[in-house]
file run18.cif (mmCIF, C-alpha atoms; chains and numbers go by the auth columns)
data_entry
loop_
_atom_site.group_PDB
_atom_site.id
_atom_site.type_symbol
_atom_site.label_atom_id
_atom_site.label_comp_id
_atom_site.label_asym_id
_atom_site.label_seq_id
_atom_site.Cartn_x
_atom_site.Cartn_y
_atom_site.Cartn_z
_atom_site.B_iso_or_equiv
_atom_site.auth_seq_id
_atom_site.auth_asym_id
ATOM 1 C CA MET A 1 0.000 0.000 0.000 0.00 1128 A
ATOM 2 C CA THR A 2 1.264 3.466 -0.921 0.00 1129 A
ATOM 3 C CA LEU A 3 1.996 5.705 2.056 0.00 1130 A
ATOM 4 C CA LYS A 4 -0.183 8.783 2.197 0.00 1131 A
ATOM 5 C CA THR A 5 0.401 12.271 3.533 0.00 1132 A
ATOM 6 C CA LYS A 6 -1.705 13.732 6.344 0.00 1133 A
ATOM 7 C CA GLU A 7 -3.536 15.840 3.793 0.00 1134 A
ATOM 8 C CA GLU A 8 -4.393 12.806 1.656 0.00 1135 A
ATOM 9 C CA VAL A 9 -5.637 10.891 4.704 0.00 1136 A
ATOM 10 C CA SER A 10 -7.775 13.862 5.732 0.00 1137 A
ATOM 11 C CA MET A 11 -9.288 14.000 2.232 0.00 1138 A
ATOM 12 C CA LEU A 12 -10.148 10.283 2.431 0.00 1139 A
ATOM 13 C CA ALA A 13 -11.852 10.857 5.806 0.00 1140 A
ATOM 14 C CA LEU A 14 -13.876 13.776 4.471 0.00 1141 A
ATOM 15 C CA SER A 15 -14.905 11.762 1.393 0.00 1142 A
ATOM 16 C CA ALA A 16 -15.899 8.839 3.629 0.00 1143 A
ATOM 17 C CA SER A 17 -18.007 11.186 5.748 0.00 1144 A
ATOM 18 C CA HIS A 18 -20.047 11.942 2.629 0.00 1145 A
ATOM 19 C CA GLY A 19 -20.769 8.279 1.924 0.00 1146 A
ATOM 20 C CA ASP A 20 -17.800 7.361 -0.272 0.00 1147 A
ATOM 21 C CA ASN A 21 -17.353 3.667 0.587 0.00 1148 A
ATOM 22 C CA ILE A 22 -14.300 3.309 -1.622 0.00 1149 A
ATOM 23 C CA ALA A 23 -12.594 6.143 0.267 0.00 1150 A
ATOM 24 C CA PHE A 24 -13.496 4.535 3.584 0.00 1151 A
ATOM 25 C CA GLY A 25 -12.096 1.185 2.442 0.00 1152 A
ATOM 26 C CA GLU A 26 -8.858 2.898 1.484 0.00 1153 A
ATOM 27 C CA LEU A 27 -8.855 4.722 4.834 0.00 1154 A
ATOM 28 C CA VAL A 28 -9.227 1.413 6.698 0.00 1155 A
ATOM 29 C CA GLY A 29 -6.114 0.207 4.886 0.00 1156 A
ATOM 30 C CA VAL A 30 -4.205 3.293 6.020 0.00 1157 A
ATOM 31 C CA ALA A 31 -5.481 2.967 9.592 0.00 1158 A
ATOM 32 C CA GLU A 32 -4.937 -0.815 9.768 0.00 1159 A
ATOM 33 C CA PRO A 33 -1.699 -0.633 11.830 0.00 1160 A
ATOM 34 C CA LEU A 34 -3.428 1.635 14.362 0.00 1161 A
ATOM 35 C CA LEU A 35 -6.525 -0.592 14.567 0.00 1162 A
ATOM 36 C CA VAL A 36 -4.448 -3.744 15.030 0.00 1163 A
ATOM 37 C CA SER A 37 -2.127 -2.145 17.583 0.00 1164 A
ATOM 38 C CA LEU A 38 -4.943 -0.806 19.773 0.00 1165 A
ATOM 39 C CA ALA A 39 -7.031 -3.988 19.496 0.00 1166 A
ATOM 40 C CA ASN A 40 -4.017 -6.082 20.533 0.00 1167 A
ATOM 41 C CA ARG A 41 -3.237 -3.753 23.425 0.00 1168 A
ATOM 42 C CA PHE A 42 -6.741 -3.785 24.888 0.00 1169 A
ATOM 43 C CA SER A 43 -7.479 -7.473 24.319 0.00 1170 A
ATOM 44 C CA SER A 44 -4.267 -8.351 26.181 0.00 1171 A
ATOM 45 C CA TYR A 45 -5.451 -6.949 29.505 0.00 1172 A
ATOM 46 C CA HIS A 46 -9.221 -7.211 29.450 0.00 1173 A
ATOM 47 C CA HIS A 47 -10.566 -10.756 29.559 0.00 1174 A
ATOM 48 C CA LYS A 48 -14.127 -9.839 28.535 0.00 1175 A
ATOM 49 C CA PHE A 49 -13.119 -9.189 24.928 0.00 1176 A
ATOM 50 C CA GLU A 50 -11.012 -10.848 22.278 0.00 1177 A
ATOM 51 C CA PHE A 51 -9.012 -9.167 19.538 0.00 1178 A
ATOM 52 C CA ASP A 52 -11.839 -9.437 16.987 0.00 1179 A
ATOM 53 C CA ASP A 53 -14.257 -7.690 19.358 0.00 1180 A
ATOM 54 C CA PHE A 54 -11.952 -4.741 19.878 0.00 1181 A
ATOM 55 C CA TYR A 55 -11.091 -4.605 16.189 0.00 1182 A
ATOM 56 C CA SER A 56 -14.805 -4.369 15.319 0.00 1183 A
ATOM 57 C CA VAL A 57 -15.376 -1.645 17.897 0.00 1184 A
ATOM 58 C CA GLY A 58 -12.359 0.208 16.517 0.00 1185 A
ATOM 59 C CA LEU A 59 -13.626 -0.077 12.952 0.00 1186 A
ATOM 60 C CA LEU A 60 -16.983 1.420 13.910 0.00 1187 A
ATOM 61 C CA ALA A 61 -15.226 4.175 15.868 0.00 1188 A
ATOM 62 C CA LEU A 62 -13.076 4.918 12.814 0.00 1189 A
ATOM 63 C CA TYR A 63 -16.224 5.428 10.759 0.00 1190 A
ATOM 64 C CA LYS A 64 -17.704 7.687 13.450 0.00 1191 A
ATOM 65 C CA ALA A 65 -14.453 9.648 13.516 0.00 1192 A
ATOM 66 C CA CYS A 66 -14.942 10.345 9.790 0.00 1193 A
ATOM 67 C CA GLN A 67 -18.416 11.723 10.508 0.00 1194 A
ATOM 68 C CA SER A 68 -17.178 14.196 13.125 0.00 1195 A
ATOM 69 C CA PHE A 69 -13.784 15.071 11.625 0.00 1196 A
ATOM 70 C CA LYS A 70 -13.202 18.694 10.640 0.00 1197 A
ATOM 71 C CA ALA A 71 -10.883 19.652 7.801 0.00 1198 A
ATOM 72 C CA GLU A 72 -9.015 22.132 9.984 0.00 1199 A
ATOM 73 C CA ASN A 73 -7.779 19.350 12.304 0.00 1200 A
ATOM 74 C CA PRO A 74 -4.074 18.693 11.661 0.00 1201 A
ATOM 75 C CA SER A 75 -4.159 14.888 11.583 0.00 1202 A
ATOM 76 C CA PHE A 76 -7.079 12.528 11.049 0.00 1203 A
ATOM 77 C CA LEU A 77 -5.259 9.497 12.461 0.00 1204 A
ATOM 78 C CA ASP A 78 -4.446 11.331 15.704 0.00 1205 A
ATOM 79 C CA TYR A 79 -8.088 12.370 15.979 0.00 1206 A
ATOM 80 C CA ALA A 80 -9.323 8.871 15.120 0.00 1207 A
ATOM 81 C CA LYS A 81 -7.074 7.357 17.789 0.00 1208 A
ATOM 82 C CA LEU A 82 -8.801 9.458 20.465 0.00 1209 A
ATOM 83 C CA VAL A 83 -12.239 8.437 19.200 0.00 1210 A
ATOM 84 C CA ILE A 84 -11.250 4.752 19.137 0.00 1211 A
ATOM 85 C CA LEU A 85 -9.770 4.893 22.648 0.00 1212 A
ATOM 86 C CA ARG A 86 -12.945 6.508 24.002 0.00 1213 A
ATOM 87 C CA ALA A 87 -14.986 3.745 22.357 0.00 1214 A
ATOM 88 C CA TYR A 88 -12.771 1.060 23.925 0.00 1215 A
ATOM 89 C CA TRP A 89 -12.962 2.560 27.409 0.00 1216 A
ATOM 90 C CA ARG A 90 -16.736 2.860 27.051 0.00 1217 A
ATOM 91 C CA GLU A 91 -17.027 -0.821 26.137 0.00 1218 A
ATOM 92 C CA ILE A 92 -14.903 -1.826 29.117 0.00 1219 A
ATOM 93 C CA GLU A 93 -16.932 0.409 31.396 0.00 1220 A
ATOM 94 C CA TYR A 94 -20.186 -1.278 30.411 0.00 1221 A
ATOM 95 C CA TYR A 95 -18.779 -4.412 32.037 0.00 1222 A
ATOM 96 C CA ASN A 96 -17.606 -2.548 35.117 0.00 1223 A
ATOM 97 C CA GLN A 97 -20.774 -0.658 35.976 0.00 1224 A
ATOM 98 C CA GLY A 98 -21.114 -2.590 39.216 0.00 1225 A
ATOM 99 C CA LYS A 99 -18.160 -0.565 40.540 0.00 1226 A
ATOM 100 C CA ARG A 100 -20.330 2.526 40.324 0.00 1227 A
ATOM 101 C CA ASN A 101 -22.374 1.476 43.383 0.00 1228 A
ATOM 102 C CA VAL A 102 -20.788 3.102 46.442 0.00 1229 A
ATOM 103 C CA PHE A 103 -22.308 0.531 48.771 0.00 1230 A
ATOM 104 C CA GLU A 104 -21.509 -2.581 46.743 0.00 1231 A
ATOM 105 C CA ASN A 105 -25.102 -3.866 46.613 0.00 1232 A
ATOM 106 C CA ARG A 106 -25.567 -4.031 50.372 0.00 1233 A
ATOM 107 C CA GLU A 107 -28.521 -2.880 52.397 0.00 1234 A
ATOM 108 C CA VAL A 108 -27.944 0.673 53.544 0.00 1235 A
ATOM 109 C CA GLU A 109 -29.803 2.377 56.364 0.00 1236 A
ATOM 110 C CA MET A 110 -31.391 5.601 55.189 0.00 1237 A
ATOM 111 C CA GLY A 111 -32.216 8.788 57.115 0.00 1238 A
ATOM 112 C CA ASP A 112 -33.805 8.527 60.559 0.00 1239 A
ATOM 113 C CA SER A 113 -36.127 5.664 59.744 0.00 1240 A
ATOM 114 C CA ASP A 114 -35.706 1.982 60.500 0.00 1241 A
ATOM 115 C CA ASP A 115 -36.234 1.138 56.845 0.00 1242 A
ATOM 116 C CA PHE A 116 -33.554 -0.270 54.570 0.00 1243 A
ATOM 117 C CA ILE A 117 -33.092 0.210 50.864 0.00 1244 A
ATOM 118 C CA TYR A 118 -31.428 -2.422 48.739 0.00 1245 A
ATOM 119 C CA SER A 119 -29.124 -0.304 46.621 0.00 1246 A
ATOM 120 C CA ASP A 120 -28.594 -2.269 43.427 0.00 1247 A
ATOM 121 C CA ASP A 121 -28.090 0.987 41.545 0.00 1248 A
ATOM 122 C CA LEU A 122 -26.946 4.151 43.263 0.00 1249 A
ATOM 123 C CA SER A 123 -28.750 6.276 40.696 0.00 1250 A
ATOM 124 C CA GLN A 124 -32.072 5.005 42.118 0.00 1251 A
ATOM 125 C CA THR A 125 -31.279 6.332 45.599 0.00 1252 A
ATOM 126 C CA VAL A 126 -29.602 9.691 45.111 0.00 1253 A
ATOM 127 C CA PHE A 127 -32.931 11.349 44.533 0.00 1254 A
ATOM 128 C CA LEU A 128 -34.020 10.671 48.095 0.00 1255 A
ATOM 129 C CA SER A 129 -33.554 14.113 49.609 0.00 1256 A
ATOM 130 C CA ASP A 130 -32.041 13.030 52.935 0.00 1257 A
ATOM 131 C CA PHE A 131 -29.558 10.715 51.310 0.00 1258 A
ATOM 132 C CA ARG A 132 -28.612 13.277 48.666 0.00 1259 A
ATOM 133 C CA GLU A 133 -28.042 15.902 51.335 0.00 1260 A
ATOM 134 C CA GLN A 134 -25.862 13.524 53.362 0.00 1261 A
ATOM 135 C CA LEU A 135 -23.755 12.684 50.304 0.00 1262 A
ATOM 136 C CA ASN A 136 -23.340 16.357 49.436 0.00 1263 A
ATOM 137 C CA LEU A 137 -22.119 17.122 52.951 0.00 1264 A
ATOM 138 C CA ILE A 138 -19.565 14.306 52.800 0.00 1265 A
ATOM 139 C CA ILE A 139 -18.349 15.362 49.350 0.00 1266 A
ATOM 140 C CA ASP A 140 -17.984 18.994 50.470 0.00 1267 A
ATOM 141 C CA ASP A 141 -16.077 17.967 53.601 0.00 1268 A
ATOM 142 C CA CYS A 142 -13.754 15.414 52.025 0.00 1269 A
ATOM 143 C CA PHE A 143 -12.783 16.687 48.575 0.00 1270 A
ATOM 144 C CA ASP A 144 -11.472 19.810 46.898 0.00 1271 A
ATOM 145 C CA GLU A 145 -13.676 21.578 44.348 0.00 1272 A
ATOM 146 C CA LYS A 146 -12.384 19.749 41.254 0.00 1273 A
ATOM 147 C CA LYS A 147 -12.601 16.261 42.767 0.00 1274 A
ATOM 148 C CA ALA A 148 -16.027 17.080 44.215 0.00 1275 A
ATOM 149 C CA GLN A 149 -17.243 18.076 40.756 0.00 1276 A
ATOM 150 C CA ILE A 150 -16.011 14.831 39.209 0.00 1277 A
ATOM 151 C CA ILE A 151 -17.524 12.672 41.951 0.00 1278 A
ATOM 152 C CA ARG A 152 -20.875 14.483 41.741 0.00 1279 A
ATOM 153 C CA MET A 153 -20.945 14.022 37.962 0.00 1280 A
ATOM 154 C CA HIS A 154 -20.451 10.292 38.468 0.00 1281 A
ATOM 155 C CA ILE A 155 -22.780 9.725 41.433 0.00 1282 A
ATOM 156 C CA MET A 156 -25.428 12.413 41.114 0.00 1283 A
ATOM 157 C CA GLN A 157 -25.621 12.663 37.320 0.00 1284 A
ATOM 158 C CA ASP A 158 -24.844 8.982 36.638 0.00 1285 A
ATOM 159 C CA MET A 159 -22.166 9.922 34.086 0.00 1286 A
ATOM 160 C CA LYS A 160 -19.661 7.394 32.815 0.00 1287 A
ATOM 161 C CA VAL A 161 -15.959 7.914 33.435 0.00 1288 A
ATOM 162 C CA CYS A 162 -15.172 8.373 29.747 0.00 1289 A
ATOM 163 C CA ASP A 163 -17.839 11.082 29.434 0.00 1290 A
ATOM 164 C CA ILE A 164 -16.550 12.892 32.518 0.00 1291 A
ATOM 165 C CA ALA A 165 -13.004 12.730 31.178 0.00 1292 A
ATOM 166 C CA SER A 166 -14.183 14.181 27.872 0.00 1293 A
ATOM 167 C CA GLU A 167 -16.186 16.986 29.486 0.00 1294 A
ATOM 168 C CA THR A 168 -13.492 17.960 31.992 0.00 1295 A
ATOM 169 C CA ARG A 169 -10.651 17.394 29.473 0.00 1296 A
ATOM 170 C CA LEU A 170 -8.804 15.221 31.962 0.00 1297 A
ATOM 171 C CA ASN A 171 -7.041 11.900 31.416 0.00 1298 A
ATOM 172 C CA TYR A 172 -9.399 8.891 31.677 0.00 1299 A
ATOM 173 C CA LYS A 173 -7.183 7.046 34.155 0.00 1300 A
ATOM 174 C CA HIS A 174 -6.889 10.143 36.351 0.00 1301 A
ATOM 175 C CA VAL A 175 -10.676 10.543 36.483 0.00 1302 A
ATOM 176 C CA HIS A 176 -11.144 6.818 37.119 0.00 1303 A
ATOM 177 C CA LYS A 177 -8.703 6.964 40.046 0.00 1304 A
ATOM 178 C CA ILE A 178 -10.468 9.973 41.593 0.00 1305 A
ATOM 179 C CA ILE A 179 -13.826 8.195 41.379 0.00 1306 A
ATOM 180 C CA GLU A 180 -12.542 4.827 42.589 0.00 1307 A
ATOM 181 C CA ARG A 181 -10.797 6.299 45.634 0.00 1308 A
ATOM 182 C CA GLY A 182 -13.524 8.860 46.206 0.00 1309 A
ATOM 183 C CA THR A 183 -16.380 6.372 46.313 0.00 1310 A
ATOM 184 C CA GLN A 184 -14.486 4.211 48.785 0.00 1311 A
ATOM 185 C CA LYS A 185 -13.917 7.261 50.984 0.00 1312 A
ATOM 186 C CA ILE A 186 -17.580 8.230 50.754 0.00 1313 A
ATOM 187 C CA LYS A 187 -18.667 4.708 51.689 0.00 1314 A
ATOM 188 C CA LYS A 188 -16.500 4.699 54.820 0.00 1315 A
ATOM 189 C CA GLU A 189 -17.501 8.224 55.780 0.00 1316 A
ATOM 190 C CA TYR A 190 -21.183 7.489 55.281 0.00 1317 A
ATOM 191 C CA ALA A 191 -20.938 4.395 57.476 0.00 1318 A
ATOM 192 C CA SER A 192 -19.093 6.380 60.138 0.00 1319 A
ATOM 193 C CA ARG A 193 -21.565 9.272 60.178 0.00 1320 A
ATOM 194 C CA TYR A 194 -24.943 7.730 59.489 0.00 1321 A
ATOM 195 C CA VAL A 195 -24.839 3.965 59.958 0.00 1322 A
ATOM 196 C CA LEU A 196 -22.492 3.151 62.812 0.00 1323 A
ATOM 197 C CA ASP A 197 -24.094 5.780 65.040 0.00 1324 A
ATOM 198 C CA LYS A 198 -27.418 3.967 64.725 0.00 1325 A
ATOM 199 C CA ASN A 199 -25.956 0.791 66.177 0.00 1326 A
ATOM 200 C CA GLU A 200 -24.524 2.397 69.291 0.00 1327 A
#
call {"tool": "encode", "arguments": {"input": "run18.cif", "output": "structure tokens"}}
result
Amino acid sequence: MTLKTKEEVSMLALSASHGDNIAFGELVGVAEPLLVSLANRFSSYHHKFEFDDFYSVGLLALYKACQSFKAENPSFLDYAKLVILRAYWREIEYYNQGKRNVFENREVEMGDSDDFIYSDDLSQTVFLSDFREQLNLIIDDCFDEKKAQIIRMHIMQDMKVCDIASETRLNYKHVHKIIERGTQKIKKEYASRYVLDKNE
């Protein structure tokens, strides 16, 4: 295959975005090393998917990258790599959604009542005013403004890590670490403030 300049690759992407299947086929050939490299990388450390799964996800993401690519961007392949990586992290996250539950699917005592709520999805409970207020107090007390924003986006707005990373323009792994550590801290603090006191 003949090597192509950045300008030629960008023209193929723009043609593909207008329905030119031949251009897209040629673009897949150009992007093949990137698709193979990323699919190999992700399939090597995530047991839920095999190479073919990641390659298919990457191929679809490549097509979507064509649809959103702007001619003024300096490099289509650099842009496409970001789109493909976001798609991969999103796929992985679908299998890790259980981590989103602060209380790990246990019964959690709520408010001043003797009732219990089985929290199989935190998004179903945050709308209870007492619980929401308690979480907000803990978040305000335990985190700086930036971390608090990220944690609220995840817990209160039910946003995925990849979407938070995109909106805040922060590295995915950095956001994931803030949320992972933050939810553990919230769980312990909630138990200390509102659950353990009830048993005394």
call {"tool": "residues_around", "arguments": {"input": "run18.cif", "residues": "A:Val1184", "least_positions_apart": "2", "cutoff": "8 Å", "atoms": "only C-alpha atoms", "output": "list in words"}}
result
Asp1180, Phe1181, Tyr1182, Leu1186, Leu1187, Ala1188, Ile1211, Ala1214 and Tyr1215 of chain A
call {"tool": "resolve_selection", "arguments": {"input": "run18.cif", "expression": "the PyMOL selection byres ((chain A and resi 1146-1162) around 9)", "output": "list in words"}}
result
Met1128, Thr1129, Leu1130, Lys1131, Val1136, Met1138, Leu1139, Ala1140, Leu1141, Ser1142, Ala1143, Ser1144, His1145, Val1163, Ser1164, Leu1165, Ala1166, Asn1167, Phe1181, Tyr1182, Gly1185, Leu1186, Leu1189, Tyr1190, Cys1193, Leu1204, Ala1207, Lys1208 and Ile1211 of chain A
call {"tool": "residues_near_point", "arguments": {"input": "run18.cif", "point": "(-16.7, 8.3, 44.1)", "cutoff": "9 Å", "atoms": "only C-alpha atoms", "output": "list in words"}}
result
Arg1227, Asn1228, Val1229, Ile1266, Ala1275, Ile1277, Ile1278, Arg1279, His1281, Ile1282, Ile1305, Ile1306, Glu1307, Arg1308, Gly1309, Thr1310, Gln1311, Lys1312, Ile1313 and Lys1314 of chain A
call {"tool": "closest_residue", "arguments": {"input": "run18.cif", "among": "A:Val1210, A:Phe1203, A:Phe1178, A:Cys1269", "to": "A:Lys1191", "atoms": "all atoms listed in the file"}}
result
A:Val1210
call {"tool": "atom_distance", "arguments": {"input": "run18.cif", "atom1": "atom CA of A:Leu1264", "atom2": "atom CA of A:Arg1296"}}
result
26.1 Å
call {"tool": "closest_residue", "arguments": {"input": "run18.cif", "among": "A:Asn1263, A:Arg1217, A:Leu1212, A:Ala1198", "to": "A:Met1286", "atoms": "all atoms listed in the file"}}
result
A:Arg1217
call {"tool": "atom_distance", "arguments": {"input": "run18.cif", "atom1": "atom CA of A:Asp1267", "atom2": "atom CA of A:Met1280"}}
result
13.8 Å
call {"tool": "atom_distance", "arguments": {"input": "run18.cif", "atom1": "atom CA of A:Glu1134", "atom2": "atom CA of A:Phe1196"}}
result
12.9 Å
call {"tool": "closest_residue", "arguments": {"input": "run18.cif", "among": "A:Phe1169, A:Trp1216, A:Tyr1206, A:Tyr1317", "to": "A:Lys1300", "atoms": "only C-alpha atoms"}}
result
A:Trp1216
